[in-house]
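Peer 1: If you scroll down you'll find the structure; I have some questions about it.
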Amino acid sequence: MEEEKIKKILLDQSYLSKEDLKKAEDYVKKEGGSVLDYLFNNDLLTKEIYGEAIAEYFNVPFIDLKNEKIEEEALHTIPELVARSRKIIAFFKDEKNLKVGMINPGDLEIINLIRKKSGLKVLVNFITDRDLKLALDFYKGSLQEEFDRMLGELKDQTLSREDRDDLIVEIVDTILKYGQHNKASDIHIEPYRDKIGVRFRIDGVMHKVLELPKDLHDLILRRIKILGKMRTDEHRAAQDGKLRFSVANEVIDVRISSVPVVEGENMVMRLLSSQNRQFDLENLGFNRNNLQTVQKVVKSPHGMILVTGPTGSGKTTTLYAVLKILNRPRVHVSTIEDPVEYDIEGISQIQVNPKTSLTFAKGLRAIVRQDPDIIMVGEIRDKETAGIAVNSALTGHLVLSTLHTNDAPTTLPRLIEMGVEPYLVASTVNVIIAQRLVRKICTACRVSYKLDQKQKKILSYQKHIKKILHDMKGKDIGKINFYKGRGCPICGGTGYTGRVGIFELLEMTDDIKNLIVKKVSSGEIMKQARADGMKTMLEDGLEKVLNGITTIEEVLRVARD
């Protein structure tokens with residue numbers, strides 16, 4: 001559909017205000033791009049609202065293809081060339097019906113053509129343009145088939161050097177696009193004695209994807225280094241780089257790390273998609289009480305908000321979600337990060353750079369002289385950084401940062417161990433958020449079940465977990481419904497799609513402040529926090545288990561009392 005028609009539908013049905021539309025049009029005139037992209041990227045329109053509005057206009061259902069199983073038999077009812085040119089995808093087929101997704105449900109010509117060709121009743125659904133582009137990838141063969149084809153071409157001895165280089169470019173592009181399509185957070189290219197291994201980290205778990213001949217290793221790494229503006233002649237030192245690529249109208253930033261290992265160079269590429277991350281507190285997994293606490297605390301004009309957890313537990317995402325709330329024209333927000341993962345308009349972001357001796361401590365000292373209202377420190381690693389951060393919070397700034405501790409109460413003695421006076425810790429820290437990430441059950445194949453005898457026996461050794469579950473549900477664990485994913489094409493047979501946080505929020509009370517000044521142990525602080533109503537990460541995780549969000553195995557994997 002033409003953009004003008006879409007704008008008219010959204011205005012007529014009051015899904016979009018004239019003010020927001022004018023704001024978008026003015027931006028597009030000045031900076032380029034599309035009105036829809038501006039509306040989506042600035043949270044003036046969501047995919048769901050947009051889908052429902054267009055679907056309502058055409059009087060058809062709106063379907064989110066990410067939640068649908070695309071059946072291969074149905075898919076090939078429509079030839080790939082037709083699907084691409086007419087913007088249509090078939091995803092379900094039975095004896096009488098063929099379900100299709102279209103970005104223009106008003107294209108009656110193609111609907112009638114498919115009806116005649118297939119002899120089936122065509123059930124039309126509206127889908128977004130981005131969903132269509134991702135779904136069209138199902139026409140392609142598997143990644144291994146793609147590489148078998150390219151490797152076969154590389155064996156051709158008559159290939160010119162230019163054609164050989166083009167195939168290496170295609171190999172790297174295919175790895176990146178396939179990684180993004182499968183929602184990989186990291187792509188690992190690992191050299192072994194006689195081959196290369198390619199692995200993707202998806203939802204926090206590593207997956208073996210394919211193997212390639214060892215003689216391609218240097219060629220693939222050279223291509224990636226060129227894209228990442230890294231030294232191609234350096235093989236004995238660690239290097240970092242960045243590149244950017246587009247897929248399905250989405251720009252992906254990639255952080256590259258290369259280190260020498262016994263068999264060559266190990267390369268890891270982290271895929272960063274700002275469109276995939278909305279940075280909304282509501283979507284991170286906070287329960288109602290924790291969400292209200294965070295929303296209350298971020299309104300404080302000064303003090304410290306600390307997020308703790310191991311590497312890969314989502315600390316940065318939580319900080320960015322808080323920054324999104326705080327980032328307003330009337331305040332000046334500055335950050336010092338290592339590295340800057342996402343560019344946020346309106347925020348001064350500084351990248352740590354050891355080559356120029358720009359450390360967290362030195363960067364923080366410089367930021368304080370830049371007249372900030374809000375400061376984010378990527379990580380408090382040493383005594384100097386801790387001292388400057390606490391003093392900044394004490395002198396009227398709101399400071400956000402992270403620490404590597406196992407739980408929320410342990411953070412307070414840790415700061416004291418770093419040399420911060422107990423009375424300063426007590427008077428500056430507003431809230432501590434400890435977190436982990438667990439995989440979410442795939443909603444497309446989620447089923448309920450009751451524990452079998454073997455599972456009951458395993459849990460019988462975890463008496464505190466049995467008690468928590470019993471107290472939450474008020475009945476024996478054998479009578480409680482648990483949930484899991486059976487495995488389907490949408491989740492790649494794993495039973496999981498996406499991740500969600502489990503949290504532990506310690507809000508500073510007068511009783512806890514008194515304990516800090518007395519330099520008591522983290523155990524004593526935990527006992528007082530529990531008395532004040534704090535839920536542990538384990539309890540928050542088990543609550544999500546009972547609500548069908550994740551599995552008990554996932555929670556026990558990352559959080560134990």
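Residue numbering restarts at 1 for every chain of the structure tokens, chains are lettered A, B, ... in their displayed order, and ligands are numbered from 1 as they appear.
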Tell me, which residues of range 170-400 of chain A carry DSSP strand (DSSP E or B), written as a ChimeraX atom specification?
Peer 2: /A:184-191,195-202,205-213,239-247,250-261,264-272,303-308,333-337,347-351,353,358,374-377,398-400
Peer 1: Considering only C-alpha atoms, return as a ChimeraX atom specification whatever protein or nucleic-acid residues lie within 7 Å of range 508-518 of chain A, sequence-local ones (same chain, fewer than 4 positions apart) excluded.
Peer 2: /A:422-423,426,430-431,525,528
Peer 1: Could you check which of A:Lys66, A:Glu543, A:Glu145, A:Ile114 is closest to Asp131 in chain A, using only C-alpha atoms?
Peer 2: A:Lys66
Peer 1: If you measure from CA of Leu538 in chain A to CA of Ile502 in chain A, what distance in Å do you get, rounded to one decimal?
Peer 2: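 Computing it gives 7.9 Å between the two atoms.
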Peer 1: Which residues come within 9 Å of Ile344 in chain A, counting only C-alpha atoms, excluding same-chain residues fewer than 3 positions away, as a list of chain:residue names?
Peer 2: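 Those residues are A:Tyr320, A:Lys324, A:Ile347, A:Ser348, A:Gln349.
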Peer 1: Please dump the current selection as a PDB file, in the first residue's frame; keep N, CA and C atoms.
Peer 2:
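Output file again.pdb is given in full below:
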```pdb
ATOM      1  N   TYR A 320      19.578   0.845  30.275  1.00  0.00           N
ATOM      2  CA  TYR A 320      19.067   1.598  29.134  1.00  0.00           C
ATOM      3  C   TYR A 320      17.563   1.851  29.263  1.00  0.00           C
ATOM      4  N   LYS A 324      15.938   5.504  29.276  1.00  0.00           N
ATOM      5  CA  LYS A 324      14.887   5.906  28.343  1.00  0.00           C
ATOM      6  C   LYS A 324      13.816   6.730  29.048  1.00  0.00           C
ATOM      7  N   ILE A 347      21.701  11.869  24.472  1.00  0.00           N
ATOM      8  CA  ILE A 347      22.554  11.503  25.593  1.00  0.00           C
ATOM      9  C   ILE A 347      24.026  11.592  25.160  1.00  0.00           C
ATOM     10  N   SER A 348      24.867  12.176  26.023  1.00  0.00           N
ATOM     11  CA  SER A 348      26.310  12.243  25.745  1.00  0.00           C
ATOM     12  C   SER A 348      26.942  10.927  26.193  1.00  0.00           C
ATOM     13  N   GLN A 349      27.377  10.116  25.231  1.00  0.00           N
ATOM     14  CA  GLN A 349      27.920   8.797  25.549  1.00  0.00           C
ATOM     15  C   GLN A 349      29.425   8.749  25.264  1.00  0.00           C
TER      16      GLN A 349
END
```
Peer 1: Excluding Arg369 in chain A and residues on its chain fewer than 6 positions from it, collect all residues at most 12 Å away from it, counting only C-alpha atoms, and give them as a ChimeraX atom specification.
Peer 2: /A:334,362-363,375,392,397
Peer 1: As a PDB file with N, CA and C atoms, in the first residue's frame, list the residues of range 94-299 of chain A assigned to alpha helix (DSSP H) by DSSP on the backbone atoms of this structure.
Peer 2:
```pdb
ATOM      1  N   LEU A 108      -7.107  -8.143  -4.757  1.00  0.00           N
ATOM      2  CA  LEU A 108      -8.060  -9.223  -5.071  1.00  0.00           C
ATOM      3  C   LEU A 108      -7.586 -10.075  -6.239  1.00  0.00           C
ATOM      4  N   GLU A 109      -6.814  -9.483  -7.138  1.00  0.00           N
ATOM      5  CA  GLU A 109      -6.346 -10.221  -8.317  1.00  0.00           C
ATOM      6  C   GLU A 109      -5.517 -11.442  -7.915  1.00  0.00           C
ATOM      7  N   ILE A 110      -4.557 -11.251  -7.000  1.00  0.00           N
ATOM      8  CA  ILE A 110      -3.700 -12.365  -6.593  1.00  0.00           C
ATOM      9  C   ILE A 110      -4.474 -13.368  -5.745  1.00  0.00           C
ATOM     10  N   ILE A 111      -5.422 -12.870  -4.957  1.00  0.00           N
ATOM     11  CA  ILE A 111      -6.251 -13.779  -4.138  1.00  0.00           C
ATOM     12  C   ILE A 111      -7.048 -14.719  -5.038  1.00  0.00           C
ATOM     13  N   ASN A 112      -7.663 -14.147  -6.064  1.00  0.00           N
ATOM     14  CA  ASN A 112      -8.455 -14.973  -7.008  1.00  0.00           C
ATOM     15  C   ASN A 112      -7.565 -15.946  -7.779  1.00  0.00           C
ATOM     16  N   LEU A 113      -6.366 -15.493  -8.156  1.00  0.00           N
ATOM     17  CA  LEU A 113      -5.443 -16.359  -8.895  1.00  0.00           C
ATOM     18  C   LEU A 113      -5.031 -17.568  -8.049  1.00  0.00           C
ATOM     19  N   ILE A 114      -4.720 -17.329  -6.779  1.00  0.00           N
ATOM     20  CA  ILE A 114      -4.309 -18.425  -5.891  1.00  0.00           C
ATOM     21  C   ILE A 114      -5.484 -19.367  -5.629  1.00  0.00           C
ATOM     22  N   ARG A 115      -6.676 -18.803  -5.517  1.00  0.00           N
ATOM     23  CA  ARG A 115      -7.871 -19.627  -5.308  1.00  0.00           C
ATOM     24  C   ARG A 115      -8.070 -20.588  -6.486  1.00  0.00           C
ATOM     25  N   LYS A 116      -7.904 -20.071  -7.700  1.00  0.00           N
ATOM     26  CA  LYS A 116      -8.086 -20.912  -8.895  1.00  0.00           C
ATOM     27  C   LYS A 116      -6.985 -21.972  -9.010  1.00  0.00           C
ATOM     28  N   LYS A 117      -5.749 -21.566  -8.744  1.00  0.00           N
ATOM     29  CA  LYS A 117      -4.607 -22.481  -8.904  1.00  0.00           C
ATOM     30  C   LYS A 117      -4.642 -23.603  -7.865  1.00  0.00           C
ATOM     31  N   SER A 118      -4.992 -23.247  -6.613  1.00  0.00           N
ATOM     32  CA  SER A 118      -4.924 -24.221  -5.523  1.00  0.00           C
ATOM     33  C   SER A 118      -6.225 -25.004  -5.340  1.00  0.00           C
ATOM     34  N   ASP A 129       5.072  -5.559   6.778  1.00  0.00           N
ATOM     35  CA  ASP A 129       6.092  -5.696   5.742  1.00  0.00           C
ATOM     36  C   ASP A 129       7.336  -6.403   6.283  1.00  0.00           C
ATOM     37  N   ARG A 130       7.727  -6.079   7.524  1.00  0.00           N
ATOM     38  CA  ARG A 130       8.918  -6.695   8.106  1.00  0.00           C
ATOM     39  C   ARG A 130       8.703  -8.192   8.317  1.00  0.00           C
ATOM     40  N   ASP A 131       7.503  -8.571   8.808  1.00  0.00           N
ATOM     41  CA  ASP A 131       7.198  -9.994   9.005  1.00  0.00           C
ATOM     42  C   ASP A 131       7.241 -10.747   7.675  1.00  0.00           C
ATOM     43  N   LEU A 132       6.738 -10.091   6.613  1.00  0.00           N
ATOM     44  CA  LEU A 132       6.753 -10.742   5.298  1.00  0.00           C
ATOM     45  C   LEU A 132       8.191 -11.010   4.855  1.00  0.00           C
ATOM     46  N   LYS A 133       9.061 -10.018   5.006  1.00  0.00           N
ATOM     47  CA  LYS A 133      10.450 -10.171   4.548  1.00  0.00           C
ATOM     48  C   LYS A 133      11.161 -11.292   5.292  1.00  0.00           C
ATOM     49  N   LEU A 134      10.899 -11.403   6.581  1.00  0.00           N
ATOM     50  CA  LEU A 134      11.507 -12.477   7.352  1.00  0.00           C
ATOM     51  C   LEU A 134      10.932 -13.838   6.955  1.00  0.00           C
ATOM     52  N   ALA A 135       9.618 -13.870   6.695  1.00  0.00           N
ATOM     53  CA  ALA A 135       8.966 -15.129   6.311  1.00  0.00           C
ATOM     54  C   ALA A 135       9.440 -15.614   4.948  1.00  0.00           C
ATOM     55  N   LEU A 136       9.767 -14.698   4.052  1.00  0.00           N
ATOM     56  CA  LEU A 136      10.227 -15.096   2.722  1.00  0.00           C
ATOM     57  C   LEU A 136      11.533 -15.884   2.782  1.00  0.00           C
ATOM     58  N   LEU A 143      21.018 -23.492   6.022  1.00  0.00           N
ATOM     59  CA  LEU A 143      22.311 -22.806   5.932  1.00  0.00           C
ATOM     60  C   LEU A 143      23.374 -23.746   5.355  1.00  0.00           C
ATOM     61  N   GLN A 144      23.341 -25.013   5.783  1.00  0.00           N
ATOM     62  CA  GLN A 144      24.330 -25.963   5.294  1.00  0.00           C
ATOM     63  C   GLN A 144      24.203 -26.150   3.780  1.00  0.00           C
ATOM     64  N   GLU A 145      22.938 -26.175   3.275  1.00  0.00           N
ATOM     65  CA  GLU A 145      22.718 -26.302   1.825  1.00  0.00           C
ATOM     66  C   GLU A 145      23.274 -25.091   1.088  1.00  0.00           C
ATOM     67  N   GLU A 146      23.066 -23.907   1.679  1.00  0.00           N
ATOM     68  CA  GLU A 146      23.595 -22.681   1.072  1.00  0.00           C
ATOM     69  C   GLU A 146      25.128 -22.758   0.974  1.00  0.00           C
ATOM     70  N   PHE A 147      25.747 -23.216   2.048  1.00  0.00           N
ATOM     71  CA  PHE A 147      27.205 -23.279   2.060  1.00  0.00           C
ATOM     72  C   PHE A 147      27.739 -24.405   1.180  1.00  0.00           C
ATOM     73  N   ASP A 148      27.005 -25.502   1.110  1.00  0.00           N
ATOM     74  CA  ASP A 148      27.420 -26.583   0.204  1.00  0.00           C
ATOM     75  C   ASP A 148      27.477 -26.076  -1.235  1.00  0.00           C
ATOM     76  N   ARG A 149      26.491 -25.239  -1.584  1.00  0.00           N
ATOM     77  CA  ARG A 149      26.470 -24.665  -2.938  1.00  0.00           C
ATOM     78  C   ARG A 149      27.680 -23.762  -3.151  1.00  0.00           C
ATOM     79  N   MET A 150      27.933 -22.862  -2.188  1.00  0.00           N
ATOM     80  CA  MET A 150      29.043 -21.915  -2.336  1.00  0.00           C
ATOM     81  C   MET A 150      30.398 -22.627  -2.315  1.00  0.00           C
ATOM     82  N   LEU A 151      30.516 -23.647  -1.455  1.00  0.00           N
ATOM     83  CA  LEU A 151      31.782 -24.386  -1.383  1.00  0.00           C
ATOM     84  C   LEU A 151      32.029 -25.163  -2.673  1.00  0.00           C
ATOM     85  N   GLY A 152      30.936 -25.657  -3.256  1.00  0.00           N
ATOM     86  CA  GLY A 152      31.063 -26.349  -4.541  1.00  0.00           C
ATOM     87  C   GLY A 152      31.586 -25.421  -5.619  1.00  0.00           C
ATOM     88  N   GLU A 153      31.106 -24.179  -5.614  1.00  0.00           N
ATOM     89  CA  GLU A 153      31.567 -23.193  -6.605  1.00  0.00           C
ATOM     90  C   GLU A 153      33.033 -22.824  -6.370  1.00  0.00           C
ATOM     91  N   LEU A 154      33.432 -22.768  -5.081  1.00  0.00           N
ATOM     92  CA  LEU A 154      34.826 -22.404  -4.774  1.00  0.00           C
ATOM     93  C   LEU A 154      35.818 -23.452  -5.264  1.00  0.00           C
ATOM     94  N   ARG A 161      39.949 -14.711  -9.626  1.00  0.00           N
ATOM     95  CA  ARG A 161      40.164 -14.241  -8.263  1.00  0.00           C
ATOM     96  C   ARG A 161      39.000 -13.347  -7.819  1.00  0.00           C
ATOM     97  N   GLU A 162      38.490 -12.570  -8.745  1.00  0.00           N
ATOM     98  CA  GLU A 162      37.372 -11.676  -8.431  1.00  0.00           C
ATOM     99  C   GLU A 162      36.130 -12.479  -8.030  1.00  0.00           C
ATOM    100  N   ASP A 163      35.839 -13.562  -8.786  1.00  0.00           N
ATOM    101  CA  ASP A 163      34.680 -14.407  -8.460  1.00  0.00           C
ATOM    102  C   ASP A 163      34.881 -15.112  -7.122  1.00  0.00           C
ATOM    103  N   ARG A 164      36.118 -15.520  -6.851  1.00  0.00           N
ATOM    104  CA  ARG A 164      36.414 -16.186  -5.580  1.00  0.00           C
ATOM    105  C   ARG A 164      36.200 -15.212  -4.407  1.00  0.00           C
ATOM    106  N   ASP A 165      36.646 -13.968  -4.587  1.00  0.00           N
ATOM    107  CA  ASP A 165      36.436 -12.945  -3.545  1.00  0.00           C
ATOM    108  C   ASP A 165      34.946 -12.690  -3.333  1.00  0.00           C
ATOM    109  N   ASP A 166      34.173 -12.675  -4.420  1.00  0.00           N
ATOM    110  CA  ASP A 166      32.724 -12.456  -4.315  1.00  0.00           C
ATOM    111  C   ASP A 166      32.060 -13.560  -3.502  1.00  0.00           C
ATOM    112  N   LEU A 167      32.542 -14.806  -3.670  1.00  0.00           N
ATOM    113  CA  LEU A 167      31.970 -15.925  -2.916  1.00  0.00           C
ATOM    114  C   LEU A 167      32.300 -15.812  -1.423  1.00  0.00           C
ATOM    115  N   ILE A 168      33.500 -15.336  -1.087  1.00  0.00           N
ATOM    116  CA  ILE A 168      33.858 -15.121   0.329  1.00  0.00           C
ATOM    117  C   ILE A 168      32.958 -14.040   0.927  1.00  0.00           C
ATOM    118  N   VAL A 169      32.707 -12.985   0.162  1.00  0.00           N
ATOM    119  CA  VAL A 169      31.793 -11.921   0.605  1.00  0.00           C
ATOM    120  C   VAL A 169      30.413 -12.516   0.867  1.00  0.00           C
ATOM    121  N   GLU A 170      29.945 -13.376  -0.037  1.00  0.00           N
ATOM    122  CA  GLU A 170      28.625 -14.005   0.109  1.00  0.00           C
ATOM    123  C   GLU A 170      28.582 -14.903   1.343  1.00  0.00           C
ATOM    124  N   ILE A 171      29.673 -15.626   1.601  1.00  0.00           N
ATOM    125  CA  ILE A 171      29.734 -16.500   2.782  1.00  0.00           C
ATOM    126  C   ILE A 171      29.572 -15.684   4.066  1.00  0.00           C
ATOM    127  N   VAL A 172      30.322 -14.581   4.185  1.00  0.00           N
ATOM    128  CA  VAL A 172      30.243 -13.731   5.386  1.00  0.00           C
ATOM    129  C   VAL A 172      28.856 -13.112   5.515  1.00  0.00           C
ATOM    130  N   ASP A 173      28.303 -12.602   4.401  1.00  0.00           N
ATOM    131  CA  ASP A 173      26.968 -12.007   4.435  1.00  0.00           C
ATOM    132  C   ASP A 173      25.924 -13.026   4.880  1.00  0.00           C
ATOM    133  N   THR A 174      26.059 -14.264   4.396  1.00  0.00           N
ATOM    134  CA  THR A 174      25.085 -15.312   4.729  1.00  0.00           C
ATOM    135  C   THR A 174      25.148 -15.656   6.213  1.00  0.00           C
ATOM    136  N   ILE A 175      26.355 -15.739   6.764  1.00  0.00           N
ATOM    137  CA  ILE A 175      26.501 -16.017   8.198  1.00  0.00           C
ATOM    138  C   ILE A 175      25.821 -14.930   9.024  1.00  0.00           C
ATOM    139  N   LEU A 176      26.067 -13.658   8.667  1.00  0.00           N
ATOM    140  CA  LEU A 176      25.487 -12.534   9.412  1.00  0.00           C
ATOM    141  C   LEU A 176      23.962 -12.526   9.302  1.00  0.00           C
ATOM    142  N   LYS A 177      23.442 -12.692   8.078  1.00  0.00           N
ATOM    143  CA  LYS A 177      21.990 -12.648   7.882  1.00  0.00           C
ATOM    144  C   LYS A 177      21.295 -13.819   8.558  1.00  0.00           C
ATOM    145  N   TYR A 178      21.921 -14.999   8.472  1.00  0.00           N
ATOM    146  CA  TYR A 178      21.327 -16.174   9.106  1.00  0.00           C
ATOM    147  C   TYR A 178      21.342 -16.019  10.625  1.00  0.00           C
ATOM    148  N   GLY A 179      22.405 -15.399  11.155  1.00  0.00           N
ATOM    149  CA  GLY A 179      22.466 -15.144  12.592  1.00  0.00           C
ATOM    150  C   GLY A 179      21.364 -14.201  13.039  1.00  0.00           C
ATOM    151  N   GLN A 180      21.151 -13.124  12.295  1.00  0.00           N
ATOM    152  CA  GLN A 180      20.097 -12.176  12.631  1.00  0.00           C
ATOM    153  C   GLN A 180      18.720 -12.819  12.499  1.00  0.00           C
ATOM    154  N   HIS A 181      18.528 -13.600  11.437  1.00  0.00           N
ATOM    155  CA  HIS A 181      17.234 -14.258  11.214  1.00  0.00           C
ATOM    156  C   HIS A 181      16.893 -15.196  12.370  1.00  0.00           C
ATOM    157  N   HIS A 217      39.461 -20.261   6.571  1.00  0.00           N
ATOM    158  CA  HIS A 217      39.513 -19.496   7.815  1.00  0.00           C
ATOM    159  C   HIS A 217      40.098 -18.099   7.627  1.00  0.00           C
ATOM    160  N   ASP A 218      41.292 -18.032   7.052  1.00  0.00           N
ATOM    161  CA  ASP A 218      41.957 -16.735   6.879  1.00  0.00           C
ATOM    162  C   ASP A 218      41.174 -15.817   5.940  1.00  0.00           C
ATOM    163  N   LEU A 219      40.570 -16.399   4.894  1.00  0.00           N
ATOM    164  CA  LEU A 219      39.816 -15.587   3.927  1.00  0.00           C
ATOM    165  C   LEU A 219      38.573 -14.973   4.577  1.00  0.00           C
ATOM    166  N   ILE A 220      37.859 -15.781   5.388  1.00  0.00           N
ATOM    167  CA  ILE A 220      36.648 -15.281   6.063  1.00  0.00           C
ATOM    168  C   ILE A 220      37.012 -14.208   7.081  1.00  0.00           C
ATOM    169  N   LEU A 221      38.059 -14.480   7.879  1.00  0.00           N
ATOM    170  CA  LEU A 221      38.458 -13.494   8.888  1.00  0.00           C
ATOM    171  C   LEU A 221      38.975 -12.203   8.254  1.00  0.00           C
ATOM    172  N   ARG A 222      39.672 -12.333   7.138  1.00  0.00           N
ATOM    173  CA  ARG A 222      40.173 -11.146   6.443  1.00  0.00           C
ATOM    174  C   ARG A 222      39.007 -10.267   5.993  1.00  0.00           C
ATOM    175  N   ARG A 223      37.951 -10.889   5.450  1.00  0.00           N
ATOM    176  CA  ARG A 223      36.773 -10.132   5.010  1.00  0.00           C
ATOM    177  C   ARG A 223      36.107  -9.405   6.181  1.00  0.00           C
ATOM    178  N   ILE A 224      35.966 -10.119   7.305  1.00  0.00           N
ATOM    179  CA  ILE A 224      35.326  -9.509   8.472  1.00  0.00           C
ATOM    180  C   ILE A 224      36.193  -8.375   9.021  1.00  0.00           C
ATOM    181  N   LYS A 225      37.529  -8.568   9.020  1.00  0.00           N
ATOM    182  CA  LYS A 225      38.419  -7.512   9.517  1.00  0.00           C
ATOM    183  C   LYS A 225      38.354  -6.263   8.640  1.00  0.00           C
ATOM    184  N   ILE A 226      38.243  -6.465   7.336  1.00  0.00           N
ATOM    185  CA  ILE A 226      38.116  -5.309   6.425  1.00  0.00           C
ATOM    186  C   ILE A 226      36.835  -4.540   6.747  1.00  0.00           C
ATOM    187  N   LEU A 227      35.724  -5.279   6.930  1.00  0.00           N
ATOM    188  CA  LEU A 227      34.450  -4.623   7.257  1.00  0.00           C
ATOM    189  C   LEU A 227      34.531  -3.904   8.600  1.00  0.00           C
ATOM    190  N   LEU A 281      10.771  -0.938  30.669  1.00  0.00           N
ATOM    191  CA  LEU A 281      10.783  -1.666  31.935  1.00  0.00           C
ATOM    192  C   LEU A 281       9.679  -2.711  31.987  1.00  0.00           C
ATOM    193  N   GLU A 282       8.509  -2.375  31.396  1.00  0.00           N
ATOM    194  CA  GLU A 282       7.364  -3.274  31.444  1.00  0.00           C
ATOM    195  C   GLU A 282       7.648  -4.606  30.752  1.00  0.00           C
ATOM    196  N   ASN A 283       8.539  -4.601  29.753  1.00  0.00           N
ATOM    197  CA  ASN A 283       8.791  -5.816  28.977  1.00  0.00           C
ATOM    198  C   ASN A 283       9.971  -6.635  29.500  1.00  0.00           C
ATOM    199  N   LEU A 284      10.663  -6.129  30.522  1.00  0.00           N
ATOM    200  CA  LEU A 284      11.867  -6.821  30.994  1.00  0.00           C
ATOM    201  C   LEU A 284      11.561  -7.981  31.926  1.00  0.00           C
ATOM    202  N   ARG A 288       4.630  -6.571  39.350  1.00  0.00           N
ATOM    203  CA  ARG A 288       3.969  -5.273  39.581  1.00  0.00           C
ATOM    204  C   ARG A 288       4.636  -4.474  40.694  1.00  0.00           C
ATOM    205  N   ASN A 289       4.937  -5.120  41.827  1.00  0.00           N
ATOM    206  CA  ASN A 289       5.524  -4.400  42.966  1.00  0.00           C
ATOM    207  C   ASN A 289       6.916  -3.877  42.632  1.00  0.00           C
ATOM    208  N   ASN A 290       7.736  -4.717  41.988  1.00  0.00           N
ATOM    209  CA  ASN A 290       9.087  -4.287  41.619  1.00  0.00           C
ATOM    210  C   ASN A 290       9.064  -3.156  40.606  1.00  0.00           C
ATOM    211  N   LEU A 291       8.131  -3.245  39.648  1.00  0.00           N
ATOM    212  CA  LEU A 291       8.013  -2.197  38.632  1.00  0.00           C
ATOM    213  C   LEU A 291       7.638  -0.866  39.274  1.00  0.00           C
ATOM    214  N   GLN A 292       6.692  -0.902  40.213  1.00  0.00           N
ATOM    215  CA  GLN A 292       6.286   0.334  40.897  1.00  0.00           C
ATOM    216  C   GLN A 292       7.445   0.925  41.700  1.00  0.00           C
ATOM    217  N   THR A 293       8.247   0.040  42.308  1.00  0.00           N
ATOM    218  CA  THR A 293       9.404   0.510  43.076  1.00  0.00           C
ATOM    219  C   THR A 293      10.415   1.216  42.177  1.00  0.00           C
ATOM    220  N   VAL A 294      10.743   0.606  41.028  1.00  0.00           N
ATOM    221  CA  VAL A 294      11.709   1.208  40.107  1.00  0.00           C
ATOM    222  C   VAL A 294      11.173   2.531  39.564  1.00  0.00           C
ATOM    223  N   GLN A 295       9.896   2.557  39.176  1.00  0.00           N
ATOM    224  CA  GLN A 295       9.303   3.783  38.633  1.00  0.00           C
ATOM    225  C   GLN A 295       9.323   4.905  39.662  1.00  0.00           C
ATOM    226  N   LYS A 296       9.181   4.546  40.944  1.00  0.00           N
ATOM    227  CA  LYS A 296       9.223   5.552  42.011  1.00  0.00           C
ATOM    228  C   LYS A 296      10.647   6.055  42.221  1.00  0.00           C
ATOM    229  N   VAL A 297      11.603   5.125  42.245  1.00  0.00           N
ATOM    230  CA  VAL A 297      12.991   5.476  42.549  1.00  0.00           C
ATOM    231  C   VAL A 297      13.621   6.328  41.447  1.00  0.00           C
TER     232      VAL A 297
END
```
Peer 1: Find the residues around Asn406 in chain A up to 12 Å (only C-alpha atoms counted), leave out those fewer than 5 positions away in its own chain, and share them as a PyMOL selection string.
Peer 2: chain A and resi 307-311+313+411-412+414+432-436+503-504+522+536-537+558-561
Peer 1: Between CA of Lys519 in chain A and CA of Glu417 in chain A, measure the distance and give it in Å to one decimal.
Peer 2: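 Distance between the two atoms: 10.3 Å.
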Peer 1: Please identify all polymer residues within 12 Å of Ile468 in chain A, counting only C-alpha atoms, omitting same-chain residues fewer than 3 positions from it, and present them as a list in words.
Peer 2: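 Those residues are Leu459, Gln462, Lys463, His464, Ile465, Asp471, Met472, Lys473, Gly474, Lys475, Asp476, Ile477, Lys535, Thr536, Leu538, Glu539, Asp540, Gly541, Leu542, Glu543, Val545, Leu546 and Asp561 of chain A.
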Peer 1: What lies within 12 Å of Val340 in chain A using only C-alpha atoms, ignoring chain neighbours under 3 positions off, as a list of chain:residue names?
Peer 2: A:Lys242, A:Asp253, A:Val254, A:Arg255, A:Leu272, A:Thr316, A:Thr317, A:Tyr320, A:Ser334, A:Thr335, A:Ile336, A:Glu337, A:Asp343, A:Ile344, A:Ile347, A:Ser348, A:Gln349, A:Ile350, A:Gln351, A:Val352, A:Asn353, A:Met376, A:Val377, A:Gly378
Peer 1: I'd like to know which of A:Ile374, A:Pro191, A:Lys30, A:His302 is closest to Arg328 in chain A, using only C-alpha atoms.
Peer 2: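 Looking only at the distances to Arg328 in chain A, the closest residue turns out to be A:Ile374.
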Peer 1: Kindly give the distance, in Å, that separates CA of Ile305 in chain A and CA of Leu400 in chain A, rounded to a single decimal.
Peer 2: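 For CA of Ile305 in chain A relative to CA of Leu400 in chain A, the distance reads 4.9 Å.
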Peer 1: Restricting the calculation to only C-alpha atoms, which member of A:Ala366, A:Val447, A:Ala408, A:Leu506 is positioned closest to Asn481 in chain A?
Peer 2: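 So, comparing all the options, the nearest one is A:Val447.
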Peer 1: Using only C-alpha atoms, pick whichever of A:Ile54, A:Cys488, A:Ala74, A:Ala83 has the shortest atom-to-atom distance to Gly106 in chain A.
Peer 2: A:Ile54
